[in-house]
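Engineer: Pasting a structure here, questions to come.
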Amino acid sequence: MRLAAVDYVLLVLYFAFVLGIGWRLRKRISSSGDFLMSGRSVPVWITSLAFIAANLGAVELIGMAASGAKYGIMTAHFYWLGAIPAMLFMGIFMMPFYYGSKARSVPEYLKLRFDEKSRAFNAFSFAVMTIFSSGISMYALGLLLQLVLGWSFTVSVLASAAIVLAYTFLGGLTSAIYNEVLQFFLIVIGFAPLAILSVQKAGGWHGIVARLPPNMTHAWSYMGSPTENPMGVELFGMVAGLGFVLSFGYWCTNFLVVQRAMAAESMSAARRTPLVGTLPKMFLPFIVIMPGIAAAALAKMNLGYHLPQNAAGGPDYTQALTTLMAQFYPSGILGLGMTGLMASFMSGMAGNVTAFNTVFTYDIYQSYIRPGADDHHYLTVGRVTTVFGVLLSILAAYVATRYNNIMDLLQLVFGCVNAPLFATFLLGMFWKRTTANGAFAGLTIGTGAAVLTLCTTVAEGKGGWIANLYQFPSQMAQNFWIAIIAFATCFVISVAVSMVTTPRTDKEMEGLVYGLTHVPHDATAKWYQRPAPLTAIVIVLLIILNIWFR
Amino acid sequence: MDLRVPSGWFFALAGLILVGWGLYAPDLHANFTTVNVNLYSGITMLVFGLFLLALAWRASRSGS
């Protein structure tokens, strides 16, 4: 694939706007809160789009198209079964505690609700995870540009890191959020034509259904046993593992996304952030997954289109998206699509870096290294951490060159870190009897259980580094079950230890726990701004989509 | 800063470039396409950009 002059013009135009936004926002930064939390003043339509765009990086675009080509419409479970219900839960039930507690980060909430050790555990594991995610985004971008355009890996990585650093350093979280929204529009407008053209070429949805095996065009019908569907997952593993533990763990406790909602201008806006976000999120599968499914159908049509082979001799699904672009996009829109890809990788990076600098500055530096300094000092630390975060990400990108499957690696990291965490939050927010020692014991033993499960089970030749006690039918199934086991362990241990340790008094937990927190009822809000009607609309649409593609 | 302003300008400008390119090279097709993708995408982007600018303009008028 070669880019023409017009493609480069569009590319340069986009990045000029990105840097321009960072430059214009630099004057708004006068405190660490402005830099790391956007001064809690961002309008709700922006936080909502940023909430879903922060996750629209490497995982979604390349990974979702790849999964679409490999697994078919079942991939949509990541949205319709996983993300959407989790986002609704987050907005209705959890946001009042995050926003109302005045915590500046997810680890800080743990400190307020429990104690210092849970915060430290979460802050350190989150910091490591964000750096790796950011590094993986950078790695994937470098690899993609090398493969598709023949650009140098090192130059791509360093150039994208420099752009991300420039706009996050200048405008902090606000700049990252604003650019995420711009990138979101670009992704939708840049990739919708690809979805339309590729599905049309494959004969519409009916043509796709006719050409692919039925278990690739039905999301629910073949989930009775793992041997029937391409993902190799059974109904319980899917619903409990992906639908409940992994998705709720990610969307409700991952500070990267929670931070976007916490930047909203009021409690009501913060609650509406994930709720409003579900509406565009619900329809993203048509843009990010559908082209992958169409690619699988096109490969069966004797058009001369097929997926390139990977090193193992099988089809390289990760190239589904870019090979489609090469077949359907002439120069012009091609430049726009490539810009969209680059932008999504970069905003994935920026999202991680802005979450990392907040957690490092407030939860590690201010808590353990130098408490009690003036705010200006922490602003400087936040800025310096941004630089270090980007440098560490570059390092992580080179570490990632040793692993080849991006999505699986991310899932493993999320499985080990996020899954037990959701049990801790669920108990912490809704059961006031939960004690600090109970939470910490649950969190550490739950994470240990995740690692142990990974080390004693095997799937597709991976895992089982200590022993081979069980063989999963697919890596997907292994990931889901690791999450289920980690969650259950954390839940049981937290409850057991809490029962034999002393809880805090009600007075100390005001604003932190259900039943002791006043959730403001916004009587002046219009009906579509209230959580209940908004949620009802989303649930109806969600049910229709699930039935349609059953 | 109202984000609709820079977003609107970006999409309006990028849309204009694509429309211009689509009119200049109407026969430019990729392997599998027959329609003028650049022209239609450009028009969509231009309309979207102008829509964002119109919203921002309306908001700034009612705000001042």
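Each chain in the structure tokens gets a letter, A, B, ..., in the order shown, and its residues are numbered from 1; ligands are numbered from 1 in order too.
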For a quick test of understanding: name the residues of chain B lying within 10 Å of chain A when counting only C-alpha atoms, and present them as a PyMOL selection string.
Structural biologist: chain B and resi 1-4+6-11+13-15+17-19+21-22+27-42+44-45+48
Engineer: For the structure I just gave you, how does DSSP split segment 361-547 of chain A - specifically, which residues are strand (DSSP E or B)? Reply as a PyMOL selection string.
Structural biologist: chain A and resi 457-459+462-463+470-472
Engineer: For the helix (DSSP H, G or I) assignment from backbone DSSP, which residues of chain B qualify? Please present them as a VMD selection string.
Structural biologist: chain B and resid 4 to 24 37 to 63
Engineer: Would you list the contacts of Met301 of chain A as a PDB file with N, CA and C atoms, in the first residue's frame, taking every protein, DNA or RNA residue within 9 Å and counting only C-alpha atoms, but skipping same-chain residues closer than 3 positions in sequence?
Structural biologist:
ATOM      1  N   ALA A 202     -19.810  -8.108  -0.271  1.00  0.00           N
ATOM      2  CA  ALA A 202     -20.025  -9.507   0.126  1.00  0.00           C
ATOM      3  C   ALA A 202     -21.494  -9.920  -0.045  1.00  0.00           C
ATOM      4  N   ARG A 211     -22.613 -17.301   2.879  1.00  0.00           N
ATOM      5  CA  ARG A 211     -21.247 -17.759   2.578  1.00  0.00           C
ATOM      6  C   ARG A 211     -20.482 -18.291   3.777  1.00  0.00           C
ATOM      7  N   ALA A 297     -16.090 -13.453   4.538  1.00  0.00           N
ATOM      8  CA  ALA A 297     -16.973 -13.847   3.435  1.00  0.00           C
ATOM      9  C   ALA A 297     -16.308 -13.573   2.082  1.00  0.00           C
ATOM     10  N   LEU A 298     -15.649 -12.418   1.964  1.00  0.00           N
ATOM     11  CA  LEU A 298     -14.995 -12.063   0.695  1.00  0.00           C
ATOM     12  C   LEU A 298     -13.912 -13.077   0.322  1.00  0.00           C
ATOM     13  N   GLY A 304     -10.126 -13.180  -5.538  1.00  0.00           N
ATOM     14  CA  GLY A 304      -8.680 -12.986  -5.433  1.00  0.00           C
ATOM     15  C   GLY A 304      -8.301 -12.347  -4.112  1.00  0.00           C
ATOM     16  N   TYR A 305      -9.314 -12.187  -3.217  1.00  0.00           N
ATOM     17  CA  TYR A 305      -9.012 -11.618  -1.907  1.00  0.00           C
ATOM     18  C   TYR A 305      -8.836 -12.738  -0.897  1.00  0.00           C
TER      19      TYR A 305
END
Engineer: Provide the atom CA of Leu46 of chain B to atom CA of Ala12 of chain B distance in Å, to one decimal place.
Structural biologist: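 Atom CA of Leu46 of chain B sits 4.3 Å away from atom CA of Ala12 of chain B.
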Engineer: Considering only C-alpha atoms, return as a ChimeraX atom specification whatever protein or nucleic-acid residues lie within 12 Å of Leu242 of chain A, sequence-local ones (same chain, fewer than 6 positions apart) excluded.
Structural biologist: /A:74-86,233-236,248-251,411,414-415,419,476-484,487
Engineer: Any idea what's packed within 10 Å of Met95 of chain A, counting only C-alpha atoms, ignoring anything in its chain fewer than 6 positions away? Could you give it as a PyMOL selection string?
Structural biologist: chain A and resi 89+101+252+258+261-262+267-268+270-274+519
Engineer: Just how far from atom CA of Asn352 of chain A is atom CA of Ser125 of chain A, in Å to one decimal?
Structural biologist: 13.3 Å
Engineer: Could you pull the residues within 10 Å of Leu534 of chain A, counting only C-alpha atoms, minus those fewer than 4 positions along the same chain, as a PDB file with C-alpha atoms, in the first residue's frame?
Structural biologist:
ATOM      1  CA  LEU A  88     -25.029   1.056  32.665  1.00  0.00           C
ATOM      2  CA  ARG A 272     -24.713  10.334  32.590  1.00  0.00           C
ATOM      3  CA  LEU A 275     -25.014   6.052  30.112  1.00  0.00           C
ATOM      4  CA  VAL A 276     -24.848   8.419  27.156  1.00  0.00           C
ATOM      5  CA  THR A 278     -23.605   3.354  25.609  1.00  0.00           C
ATOM      6  CA  LEU A 279     -25.648   4.752  22.704  1.00  0.00           C
ATOM      7  CA  TRP A 527     -36.539  13.243  31.247  1.00  0.00           C
ATOM      8  CA  TYR A 528     -33.796  12.223  28.800  1.00  0.00           C
ATOM      9  CA  GLN A 529     -31.162  13.481  31.225  1.00  0.00           C
ATOM     10  CA  ARG A 530     -32.321  11.187  34.017  1.00  0.00           C
ATOM     11  CA  VAL A 538     -30.569   1.422  26.038  1.00  0.00           C
ATOM     12  CA  ILE A 539     -31.812  -1.902  27.403  1.00  0.00           C
TER      13      ILE A 539
END
Engineer: To one decimal place, how far is atom CA of Ser494 of chain A from atom CA of Ile369 of chain A in Å?
Structural biologist: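 Distance between the two atoms: 29.2 Å.
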Engineer: Excluding same-chain residues fewer than 3 positions from segment 431-448 of chain A, what lies within 7 Å of it counting only C-alpha atoms, as a PDB file with C-alpha atoms, in the first residue's frame?
Structural biologist:
ATOM      1  CA  PHE A 114     -10.453   0.757  53.104  1.00  0.00           C
ATOM      2  CA  ASP A 115      -6.859   1.669  53.852  1.00  0.00           C
ATOM      3  CA  SER A 118      -5.269  -1.690  49.133  1.00  0.00           C
ATOM      4  CA  CYS A 416      -5.032 -11.070  36.537  1.00  0.00           C
ATOM      5  CA  VAL A 417      -5.434  -7.442  37.676  1.00  0.00           C
ATOM      6  CA  PRO A 420     -10.557  -9.654  41.494  1.00  0.00           C
ATOM      7  CA  LEU A 421     -10.770  -5.858  41.731  1.00  0.00           C
ATOM      8  CA  THR A 424     -13.520  -5.720  45.978  1.00  0.00           C
ATOM      9  CA  LEU A 427     -18.360  -5.531  48.278  1.00  0.00           C
ATOM     10  CA  GLY A 428     -16.798  -2.212  49.278  1.00  0.00           C
ATOM     11  CA  VAL A 451      -1.856 -16.181  38.201  1.00  0.00           C
ATOM     12  CA  LEU A 452      -2.031 -19.723  39.602  1.00  0.00           C
ATOM     13  CA  ALA A 486     -10.118 -14.712  40.443  1.00  0.00           C
ATOM     14  CA  PHE A 487     -13.443 -12.970  41.081  1.00  0.00           C
ATOM     15  CA  THR A 489     -11.755 -16.246  45.172  1.00  0.00           C
ATOM     16  CA  CYS A 490     -11.569 -12.522  45.937  1.00  0.00           C
ATOM     17  CA  PHE A 491     -15.264 -12.427  46.827  1.00  0.00           C
ATOM     18  CA  ILE A 493     -11.915 -14.460  50.912  1.00  0.00           C
ATOM     19  CA  SER A 494     -13.053 -10.829  51.356  1.00  0.00           C
ATOM     20  CA  VAL A 495     -16.336 -11.911  52.945  1.00  0.00           C
ATOM     21  CA  VAL A 497     -11.930 -12.238  56.459  1.00  0.00           C
ATOM     22  CA  SER A 498     -14.385  -9.334  56.891  1.00  0.00           C
ATOM     23  CA  THR A 501     -12.291  -8.455  61.537  1.00  0.00           C
ATOM     24  CA  THR A 502     -13.738  -5.180  62.864  1.00  0.00           C
ATOM     25  CA  PRO A 503     -15.576  -2.927  60.402  1.00  0.00           C
ATOM     26  CA  VAL A 513     -20.937   3.064  50.757  1.00  0.00           C
TER      27      VAL A 513
END
Engineer: Between A:Thr505, A:Ser134, A:Ser225, A:Thr154, single out the one closest to Ala54 of chain A, counting only C-alpha atoms.
Structural biologist: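 Among the listed residues, A:Ser134 lies closest to Ala54 of chain A.
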